>>> print(open('query-v9.txt').read())   # compact mmCIF, C-alpha atoms
# COMPACT_ATOMS: atom_id res chain seq x y z
CA MET A 19 -44.17 -11.78 42.14
CA SER A 20 -46.77 -14.55 42.14
CA GLU A 21 -45.71 -18.17 42.23
CA GLN A 22 -47.63 -18.76 39.01
CA VAL A 23 -45.48 -16.22 37.13
CA GLN A 24 -42.30 -17.76 38.53
CA VAL A 25 -43.41 -21.22 37.41
CA VAL A 26 -44.18 -19.99 33.88
CA TRP A 27 -40.79 -18.30 33.53
CA LEU A 28 -38.97 -21.32 34.93
CA GLN A 29 -40.74 -23.59 32.44
CA TRP A 30 -39.79 -21.24 29.60
CA VAL A 31 -36.13 -21.21 30.65
CA GLU A 32 -36.02 -25.00 30.91
CA ALA A 33 -37.58 -25.36 27.45
CA ALA A 34 -35.35 -22.73 25.80
CA PHE A 35 -32.11 -23.90 27.44
CA PRO A 36 -32.43 -27.64 28.11
CA ASP A 37 -28.70 -28.02 28.92
CA LEU A 38 -28.43 -24.95 31.12
CA ASP A 39 -26.69 -26.92 33.88
CA SER A 40 -24.00 -28.41 31.63
CA ARG A 41 -22.99 -25.99 28.86
CA ALA A 42 -22.57 -22.38 27.80
CA TYR A 43 -25.24 -20.37 25.99
CA PHE A 44 -24.81 -17.06 24.18
CA LEU A 45 -27.64 -14.69 23.31
CA PRO A 46 -27.77 -13.97 20.48
CA PRO A 47 -25.89 -17.12 19.39
CA VAL A 48 -23.96 -15.09 16.79
CA TYR A 49 -22.66 -11.53 17.02
CA PHE A 50 -24.51 -8.87 15.05
CA ASN A 51 -22.44 -5.88 13.98
CA ARG A 52 -23.71 -2.58 15.35
CA VAL A 53 -22.46 -0.27 12.57
CA PRO A 54 -25.22 1.50 10.61
CA MET A 55 -25.69 0.83 6.90
CA THR A 56 -27.67 2.41 4.08
CA ARG A 57 -29.83 0.61 1.55
CA GLN A 58 -28.81 1.15 -2.09
CA SER A 59 -29.56 -0.37 -5.45
CA VAL A 60 -26.77 -2.20 -7.27
CA ALA A 61 -27.50 -4.00 -10.55
CA GLY A 62 -31.19 -3.89 -9.78
CA GLN A 63 -30.77 -5.44 -6.33
CA ASP A 64 -31.16 -3.77 -2.95
CA VAL A 65 -27.96 -4.01 -0.89
CA LEU A 66 -26.80 -2.64 2.46
CA VAL A 67 -23.65 -0.52 2.24
CA LEU A 68 -21.32 0.80 4.93
CA GLN A 69 -20.57 4.50 4.74
CA SER A 70 -17.59 5.91 6.57
CA ALA A 71 -16.79 9.42 7.65
CA PRO A 72 -14.50 11.25 5.18
CA GLY A 73 -10.80 11.55 5.79
CA GLN A 74 -10.33 8.72 8.26
CA ALA A 75 -7.90 5.84 8.11
CA GLY A 76 -9.42 2.65 6.80
CA GLN A 77 -12.22 4.57 5.10
CA PHE A 78 -14.84 2.66 3.18
CA THR A 79 -15.78 3.71 -0.31
CA ARG A 80 -19.12 5.41 -0.64
CA PRO A 81 -20.92 4.47 -3.87
CA ALA A 82 -23.31 6.81 -5.60
CA THR A 83 -26.76 6.94 -4.10
CA THR A 84 -29.61 5.69 -6.25
CA PRO A 85 -33.25 4.96 -5.45
CA SER A 86 -34.12 1.31 -4.85
CA THR A 87 -36.98 1.44 -7.37
CA ALA A 88 -38.02 3.86 -10.05
CA GLY A 89 -40.08 6.78 -8.85
CA GLN A 90 -39.07 6.37 -5.20
CA THR A 91 -36.87 8.69 -3.24
CA CYS A 92 -33.78 7.39 -1.49
CA LEU A 93 -34.03 6.27 2.08
CA PRO A 94 -32.46 8.71 4.56
CA HIS A 95 -28.83 7.97 5.25
CA PRO A 96 -27.85 6.83 8.74
CA PRO A 97 -24.77 8.33 10.43
CA ARG A 98 -21.51 7.56 8.69
CA VAL A 99 -19.49 4.65 10.01
CA GLN A 100 -16.30 5.47 11.85
CA HIS A 101 -13.41 3.07 11.33
CA SER A 102 -13.39 2.61 15.10
CA ASP A 103 -16.96 1.24 14.93
CA VAL A 104 -15.91 -1.53 12.56
CA ARG A 105 -12.76 -2.21 14.59
CA ASP A 106 -14.78 -2.48 17.82
CA ASP A 107 -17.26 -4.86 16.22
CA ALA A 108 -14.44 -7.08 14.99
CA ALA A 109 -12.80 -7.13 18.44
CA ILE A 110 -16.02 -8.04 20.25
CA GLN A 111 -16.79 -10.74 17.70
CA ARG A 112 -13.34 -12.31 18.16
CA LEU A 113 -13.67 -12.13 21.93
CA LEU A 114 -17.02 -13.91 21.82
CA PHE A 115 -15.61 -16.60 19.55
CA CYS A 116 -12.64 -17.17 21.87
CA LEU A 117 -14.88 -17.32 24.94
CA GLN A 118 -17.21 -19.81 23.27
CA ARG A 119 -14.28 -22.05 22.39
CA MET A 120 -12.85 -21.81 25.90
CA PHE A 121 -16.19 -22.48 27.60
CA ASP A 122 -16.87 -25.47 25.36
CA GLN A 123 -13.44 -26.97 25.99
CA ASN A 124 -13.67 -26.47 29.76
CA VAL A 125 -17.36 -27.39 29.94
CA GLU A 126 -18.20 -24.11 31.65
CA VAL A 127 -21.77 -23.39 32.68
CA VAL A 128 -22.42 -19.77 31.74
CA VAL A 129 -24.86 -17.55 29.86
CA GLY A 130 -23.48 -14.67 27.80
CA LEU A 131 -25.52 -11.74 26.52
CA SER A 132 -24.19 -9.16 24.07
CA GLN A 133 -25.66 -5.82 23.03
CA LEU A 134 -28.26 -5.90 25.80
CA LYS A 135 -29.66 -2.46 26.63
CA PHE A 136 -31.36 -1.53 29.89
CA SER A 137 -34.60 -0.79 28.02
CA GLN A 138 -34.74 -4.37 26.71
CA TYR A 139 -34.88 -5.88 30.20
CA LEU A 140 -38.52 -7.01 30.66
CA GLY A 141 -39.39 -4.45 28.01
CA GLU A 142 -41.91 -6.55 26.09
CA PRO A 143 -45.58 -5.63 26.69
CA CYS A 144 -46.36 -9.23 27.70
CA TYR A 145 -44.11 -8.79 30.75
CA ALA A 146 -45.75 -5.56 31.92
CA ALA A 147 -47.85 -7.13 34.70
CA ALA A 148 -44.92 -9.04 36.19
CA ALA A 149 -42.43 -6.20 35.64
CA ALA A 150 -44.63 -3.86 37.66
CA GLN A 151 -43.78 -5.91 40.75
CA LEU A 152 -40.03 -6.13 40.09
CA PRO A 153 -37.01 -3.83 40.10
CA ILE A 154 -36.70 -2.47 36.56
CA PRO A 155 -34.51 0.23 34.96
CA ALA A 156 -37.29 2.80 35.22
CA ASN A 157 -37.40 2.59 39.03
CA LEU A 158 -33.65 2.85 39.61
CA PRO A 159 -33.12 4.39 43.09
CA PRO A 160 -33.41 8.21 42.95
CA ALA A 161 -30.04 8.55 44.69
CA LEU A 162 -28.38 7.56 41.39
CA PRO A 163 -28.19 9.92 38.39
CA ARG A 164 -31.31 9.87 36.20
CA SER A 165 -29.15 9.36 33.12
CA TRP A 166 -28.12 5.97 34.50
CA LYS A 167 -31.58 4.62 33.68
CA HIS A 168 -30.49 4.49 30.05
CA GLY A 169 -27.57 2.57 28.63
CA ASP A 170 -26.42 -1.02 28.26
CA PHE A 171 -24.88 -3.78 30.35
CA GLY A 172 -21.51 -3.47 28.62
CA ASP A 173 -20.36 -5.10 25.41
CA LEU A 174 -20.79 -8.50 27.04
CA LEU A 175 -22.63 -9.65 30.17
CA LEU A 176 -21.76 -13.08 31.55
CA ILE A 177 -23.90 -14.90 34.10
CA HIS A 178 -21.76 -17.55 35.79
CA ARG A 179 -22.93 -20.02 38.42
CA HIS A 180 -19.74 -19.54 40.49
CA TYR A 181 -18.61 -15.99 39.70
CA GLY A 182 -21.97 -14.24 39.56
CA LEU A 183 -22.36 -11.42 37.04
CA LEU A 184 -19.47 -10.23 34.91
CA ALA A 185 -19.85 -7.04 32.85
CA CYS A 186 -17.19 -6.64 30.17
CA GLN A 187 -16.32 -3.59 28.11
CA VAL A 188 -14.15 -4.26 25.04
CA LEU A 189 -11.66 -1.66 23.82
CA SER A 190 -10.01 -1.92 20.43
CA PHE A 191 -7.06 0.37 19.86
CA GLY A 192 -3.69 0.14 18.19
CA ASP A 193 -4.15 -1.35 14.73
CA ASN A 194 -4.39 2.03 12.98
CA ILE A 195 -1.85 4.10 14.93
CA GLN A 196 0.66 4.20 12.08
CA ALA A 197 -1.99 5.10 9.53
CA LEU A 198 -3.12 8.03 11.69
CA ASN A 199 0.50 9.10 12.38
CA MET A 200 -0.29 9.69 16.05
CA SER A 201 2.29 10.95 18.51
CA GLN A 202 2.98 8.99 21.69
CA GLN A 203 1.27 11.72 23.71
CA ASP A 204 -1.86 11.50 21.54
CA ILE A 205 -1.82 7.72 21.88
CA ASP A 206 -1.56 7.93 25.68
CA ASN A 207 -4.34 10.52 25.90
CA ASN A 208 -6.58 8.46 23.65
CA ILE A 209 -6.03 5.33 25.74
CA ARG A 210 -6.75 7.20 28.97
CA LYS A 211 -9.98 8.63 27.57
CA LYS A 212 -11.17 5.24 26.35
CA LEU A 213 -10.42 3.71 29.74
CA ARG A 214 -12.22 6.49 31.63
CA ASP A 215 -15.27 6.08 29.38
CA ALA A 216 -15.21 2.30 29.83
CA VAL A 217 -14.93 2.58 33.62
CA SER A 218 -17.84 5.03 33.69
CA GLN A 219 -19.97 2.69 31.59
CA LEU A 220 -19.13 -0.29 33.80
CA ASP A 221 -19.95 1.65 36.97
CA LYS A 222 -23.37 2.42 35.50
CA ALA A 223 -23.89 -1.22 34.49
CA GLU A 224 -22.89 -2.38 37.98
CA ALA A 225 -25.41 -0.05 39.62
CA MET A 226 -28.18 -1.22 37.30
CA LEU A 227 -27.37 -4.92 37.80
CA SER A 228 -27.30 -4.54 41.58
CA HIS A 229 -30.70 -2.86 41.41
CA LEU A 230 -32.27 -5.50 39.15
CA VAL A 231 -31.28 -8.44 41.37
CA SER A 232 -31.85 -6.64 44.69
CA ASP A 233 -35.15 -8.46 45.33
CA ILE A 234 -33.71 -11.99 45.01
CA ALA A 235 -29.94 -11.71 45.47
CA PRO A 236 -28.90 -8.51 47.28
CA GLY A 237 -25.15 -8.15 47.34
CA LEU A 238 -24.63 -10.53 44.40
CA ARG A 239 -21.04 -10.49 43.20
CA ILE A 240 -20.56 -8.27 40.14
CA THR A 241 -17.19 -8.17 38.40
CA LYS A 242 -16.27 -5.38 36.00
CA THR A 243 -13.73 -6.20 33.32
CA ILE A 244 -12.13 -4.19 30.52
CA ALA A 245 -10.78 -6.33 27.68
CA VAL A 246 -8.17 -4.44 25.66
CA ALA A 247 -7.59 -5.77 22.17
CA ASN A 248 -4.79 -4.95 19.70
CA LEU A 249 -2.72 -3.19 22.34
CA ARG A 250 0.68 -4.65 23.19
CA LEU A 251 1.96 -1.88 25.42
CA ILE A 252 -0.16 0.12 27.84
CA ASN A 253 1.44 3.34 29.04
CA PHE A 254 -0.94 5.13 31.40
CA ASN A 255 -1.60 5.70 35.07
CA ARG A 256 -2.44 2.60 37.10
CA PRO A 257 -6.20 1.85 36.93
CA SER A 258 -8.39 1.90 39.97
CA PRO A 259 -8.20 -1.34 42.02
CA ARG A 260 -12.00 -1.51 41.81
CA HIS A 261 -11.71 -2.53 38.17
CA GLN A 262 -10.03 -5.45 36.50
CA LEU A 263 -8.09 -4.75 33.32
CA THR A 264 -7.65 -7.66 30.95
CA GLN A 265 -5.27 -7.36 27.99
CA VAL A 266 -6.45 -9.59 25.19
CA GLY A 267 -4.18 -10.28 22.24
CA LEU A 268 -6.79 -10.69 19.53
>>> encode(input="query-v9.txt", output="structure tokens")
Amino acid sequence: MSEQVQVVWLQWVEAAFPDLDSRAYFLPPVYFNRVPMTRQSVAGQDVLVLQSAPGQAGQFTRPATTPSTAGQTCLPHPPRVQHSDVRDDAAIQRLLFCLQRMFDQNVEVVVGLSQLKFSQYLGEPCYAAAAAQLPIPANLPPALPRSWKHGDFGDLLLIHRHYGLLACQVLSFGDNIQALNMSQQDIDNNIRKKLRDAVSQLDKAEAMLSHLVSDIAPGLRITKTIAVANLRLINFNRPSPRHQLTQVGL
């Protein structure tokens, strides 16, 4: 990468984050829920409405569908919202709020990124010339599965000046167990599945992060963390020592 490109990016970073060496930044600065919504007309006004799958605990009410304006057909409906989607969004939002408070109180220097997908890394057309000279998701080493070129960096990616990169996957489970009338065996199996999926996602994020920084910081420390919300008792096999499990009482 040319020195001119490096200078331009450094100037942009310094302008966008003037206190980068003394405070915490989060991108985006507020958490945006990921659950899909549909546009409907209520009292002559267009509104966005959550639609949940039928028969689930904590189901949202689905109002009648009407066109937004006379003579127009309704917009196609996105997938229905599972209660778990809303629960996960709430857990991640609370985690981000707690981390922001903690970082501010301790004057931590860190950058946090949420909802960042691999495809968004240097994905803008204006970065094409520079990206062609850098490790990017598209040129992930062929030794790794092709499917690992697509995905995200976890629910939260922290860049810390002392601890390197920290990829965090947030699990929310436990607040609707009674409503679903689940047996202990079903609860244990569900927890195990969620943990296996989270570990798999973090392994993929770790491989991608190692690849992206390989040109400037090979071997950079990457920590994988699973934050478990709303779960007071974990009853499952001991997790792999390669992963850190954090129980968060949110």
>>> atom_distance(input="query-v9.txt", atom1="atom CA of Cys144 of chain A", atom2="atom CA of Val25 of chain A")
15.7 Å
>>> closest_atom_pairs(input="query-v9.txt", of="segment 129-209 of chain A", to="segment 223-237 of chain A", cutoff="10 Å", atoms="all atoms listed in the file", output="tab-separated table")
residue	atom	partner	partner_atom	distance
A:Lys135	CA	A:Ala223	CA	9.8
A:Phe136	CA	A:Met226	CA	8.1
A:Tyr139	CA	A:Leu230	CA	9.3
A:Leu152	CA	A:Asp233	CA	7.5
A:Pro153	CA	A:Leu230	CA	5.1
A:Ile154	CA	A:Leu230	CA	6.0
A:Pro155	CA	A:Met226	CA	6.9
A:Asn157	CA	A:His229	CA	9.0
A:Leu158	CA	A:His229	CA	6.7
A:Pro159	CA	A:His229	CA	7.8
A:Leu162	CA	A:Ala225	CA	8.4
A:Trp166	CA	A:Met226	CA	7.7
A:Lys167	CA	A:Met226	CA	7.7
A:His168	CA	A:Met226	CA	9.5
A:Gly169	CA	A:Ala223	CA	7.9
A:Asp170	CA	A:Ala223	CA	6.7
A:Phe171	CA	A:Ala223	CA	5.0
A:Gly172	CA	A:Ala223	CA	6.7
A:Leu175	CA	A:Ala223	CA	9.6
A:Leu183	CA	A:Leu227	CA	8.2
A:Leu184	CA	A:Glu224	CA	9.1
A:Ala185	CA	A:Ala223	CA	7.3
A:Cys186	CA	A:Ala223	CA	9.6
>>> write_last_selection(input="query-v9.txt", atoms="C-alpha atoms", output="PDB file, in the coordinates of the input")
ATOM      1  CA  LYS A 135     -29.660  -2.460  26.630  1.00  0.00           C
ATOM      2  CA  PHE A 136     -31.360  -1.530  29.890  1.00  0.00           C
ATOM      3  CA  TYR A 139     -34.880  -5.880  30.200  1.00  0.00           C
ATOM      4  CA  LEU A 152     -40.030  -6.130  40.090  1.00  0.00           C
ATOM      5  CA  PRO A 153     -37.010  -3.830  40.100  1.00  0.00           C
ATOM      6  CA  ILE A 154     -36.700  -2.470  36.560  1.00  0.00           C
ATOM      7  CA  PRO A 155     -34.510   0.230  34.960  1.00  0.00           C
ATOM      8  CA  ASN A 157     -37.400   2.590  39.030  1.00  0.00           C
ATOM      9  CA  LEU A 158     -33.650   2.850  39.610  1.00  0.00           C
ATOM     10  CA  PRO A 159     -33.120   4.390  43.090  1.00  0.00           C
ATOM     11  CA  LEU A 162     -28.380   7.560  41.390  1.00  0.00           C
ATOM     12  CA  TRP A 166     -28.120   5.970  34.500  1.00  0.00           C
ATOM     13  CA  LYS A 167     -31.580   4.620  33.680  1.00  0.00           C
ATOM     14  CA  HIS A 168     -30.490   4.490  30.050  1.00  0.00           C
ATOM     15  CA  GLY A 169     -27.570   2.570  28.630  1.00  0.00           C
ATOM     16  CA  ASP A 170     -26.420  -1.020  28.260  1.00  0.00           C
ATOM     17  CA  PHE A 171     -24.880  -3.780  30.350  1.00  0.00           C
ATOM     18  CA  GLY A 172     -21.510  -3.470  28.620  1.00  0.00           C
ATOM     19  CA  LEU A 175     -22.630  -9.650  30.170  1.00  0.00           C
ATOM     20  CA  LEU A 183     -22.360 -11.420  37.040  1.00  0.00           C
ATOM     21  CA  LEU A 184     -19.470 -10.230  34.910  1.00  0.00           C
ATOM     22  CA  ALA A 185     -19.850  -7.040  32.850  1.00  0.00           C
ATOM     23  CA  CYS A 186     -17.190  -6.640  30.170  1.00  0.00           C
TER      24      CYS A 186
END
>>> atom_distance(input="query-v9.txt", atom1="atom CA of Glu142 of chain A", atom2="atom CA of Pro163 of chain A")
24.7 Å
>>> atom_distance(input="query-v9.txt", atom1="atom CA of Asp122 of chain A", atom2="atom CA of Leu28 of chain A")
24.4 Å
>>> residues_around(input="query-v9.txt", residues="Val129 of chain A", least_positions_apart="3", cutoff="8 Å", atoms="all atoms listed in the file", output="JSON, numbers by chain")
{"A": [42, 43, 44, 45, 176, 177, 178]}
>>> closest_residue(input="query-v9.txt", among="A:Val26, A:Ala109, A:Ala147, A:Met120", to="Arg41 of chain A", atoms="all atoms listed in the file")
A:Met120
>>> closest_residue(input="query-v9.txt", among="A:Arg57, A:Arg239, A:Leu113, A:Glu21", to="Ala148 of chain A", atoms="all atoms listed in the file")
A:Glu21
>>> closest_residue(input="query-v9.txt", among="A:Ile205, A:Val128, A:Val60, A:Pro160", to="Asp39 of chain A", atoms="only C-alpha atoms")
A:Val128
>>> decode(input="query-v9.txt", residues="segment 212-230 of chain A", atoms="N, CA, C and O atoms", output="compact mmCIF listing (two decimals), in the first residue's frame")
# COMPACT_ATOMS: atom_id res chain seq x y z
N LYS A 212 -26.57 -23.72 21.15
CA LYS A 212 -26.24 -22.30 21.03
C LYS A 212 -24.74 -22.07 21.23
O LYS A 212 -24.11 -21.26 20.54
N LEU A 213 -24.16 -22.79 22.19
CA LEU A 213 -22.73 -22.64 22.44
C LEU A 213 -21.90 -23.17 21.28
O LEU A 213 -20.90 -22.56 20.89
N ARG A 214 -22.29 -24.32 20.72
CA ARG A 214 -21.56 -24.85 19.56
C ARG A 214 -21.61 -23.88 18.39
O ARG A 214 -20.61 -23.63 17.72
N ASP A 215 -22.81 -23.31 18.14
CA ASP A 215 -22.95 -22.35 17.04
C ASP A 215 -22.10 -21.11 17.29
O ASP A 215 -21.48 -20.57 16.37
N ALA A 216 -22.09 -20.64 18.55
CA ALA A 216 -21.31 -19.45 18.87
C ALA A 216 -19.81 -19.71 18.72
O ALA A 216 -19.08 -18.86 18.19
N VAL A 217 -19.35 -20.87 19.15
CA VAL A 217 -17.94 -21.22 19.02
C VAL A 217 -17.56 -21.29 17.55
O VAL A 217 -16.49 -20.81 17.13
N SER A 218 -18.42 -21.90 16.73
CA SER A 218 -18.14 -22.00 15.30
C SER A 218 -18.04 -20.62 14.66
O SER A 218 -17.15 -20.35 13.84
N GLN A 219 -18.96 -19.72 15.04
CA GLN A 219 -18.94 -18.37 14.50
C GLN A 219 -17.67 -17.63 14.93
O GLN A 219 -17.04 -16.93 14.13
N LEU A 220 -17.25 -17.80 16.17
CA LEU A 220 -16.06 -17.11 16.66
C LEU A 220 -14.79 -17.66 16.01
O LEU A 220 -13.85 -16.91 15.75
N ASP A 221 -14.76 -18.97 15.75
CA ASP A 221 -13.61 -19.54 15.05
C ASP A 221 -13.48 -18.94 13.66
O ASP A 221 -12.37 -18.64 13.19
N LYS A 222 -14.61 -18.75 12.99
CA LYS A 222 -14.59 -18.15 11.66
C LYS A 222 -14.15 -16.69 11.74
O LYS A 222 -13.36 -16.23 10.90
N ALA A 223 -14.65 -15.95 12.74
CA ALA A 223 -14.25 -14.56 12.90
C ALA A 223 -12.77 -14.45 13.21
O ALA A 223 -12.08 -13.55 12.70
N GLU A 224 -12.24 -15.36 14.02
CA GLU A 224 -10.81 -15.34 14.35
C GLU A 224 -9.96 -15.56 13.10
O GLU A 224 -8.96 -14.86 12.89
N ALA A 225 -10.35 -16.52 12.28
CA ALA A 225 -9.60 -16.78 11.05
C ALA A 225 -9.61 -15.57 10.13
O ALA A 225 -8.58 -15.21 9.53
N MET A 226 -10.76 -14.92 10.01
CA MET A 226 -10.86 -13.75 9.13
C MET A 226 -10.04 -12.59 9.69
O MET A 226 -9.31 -11.91 8.94
N LEU A 227 -10.10 -12.34 10.99
CA LEU A 227 -9.33 -11.25 11.58
C LEU A 227 -7.84 -11.48 11.43
O LEU A 227 -7.09 -10.55 11.11
N SER A 228 -7.39 -12.70 11.66
CA SER A 228 -5.97 -13.01 11.50
C SER A 228 -5.52 -12.75 10.07
O SER A 228 -4.42 -12.25 9.83
N HIS A 229 -6.37 -13.09 9.13
CA HIS A 229 -6.05 -12.86 7.71
C HIS A 229 -5.98 -11.36 7.39
O HIS A 229 -5.04 -10.91 6.73
N LEU A 230 -6.93 -10.59 7.89
CA LEU A 230 -7.00 -9.17 7.54
C LEU A 230 -5.84 -8.36 8.09
O LEU A 230 -5.45 -7.35 7.50
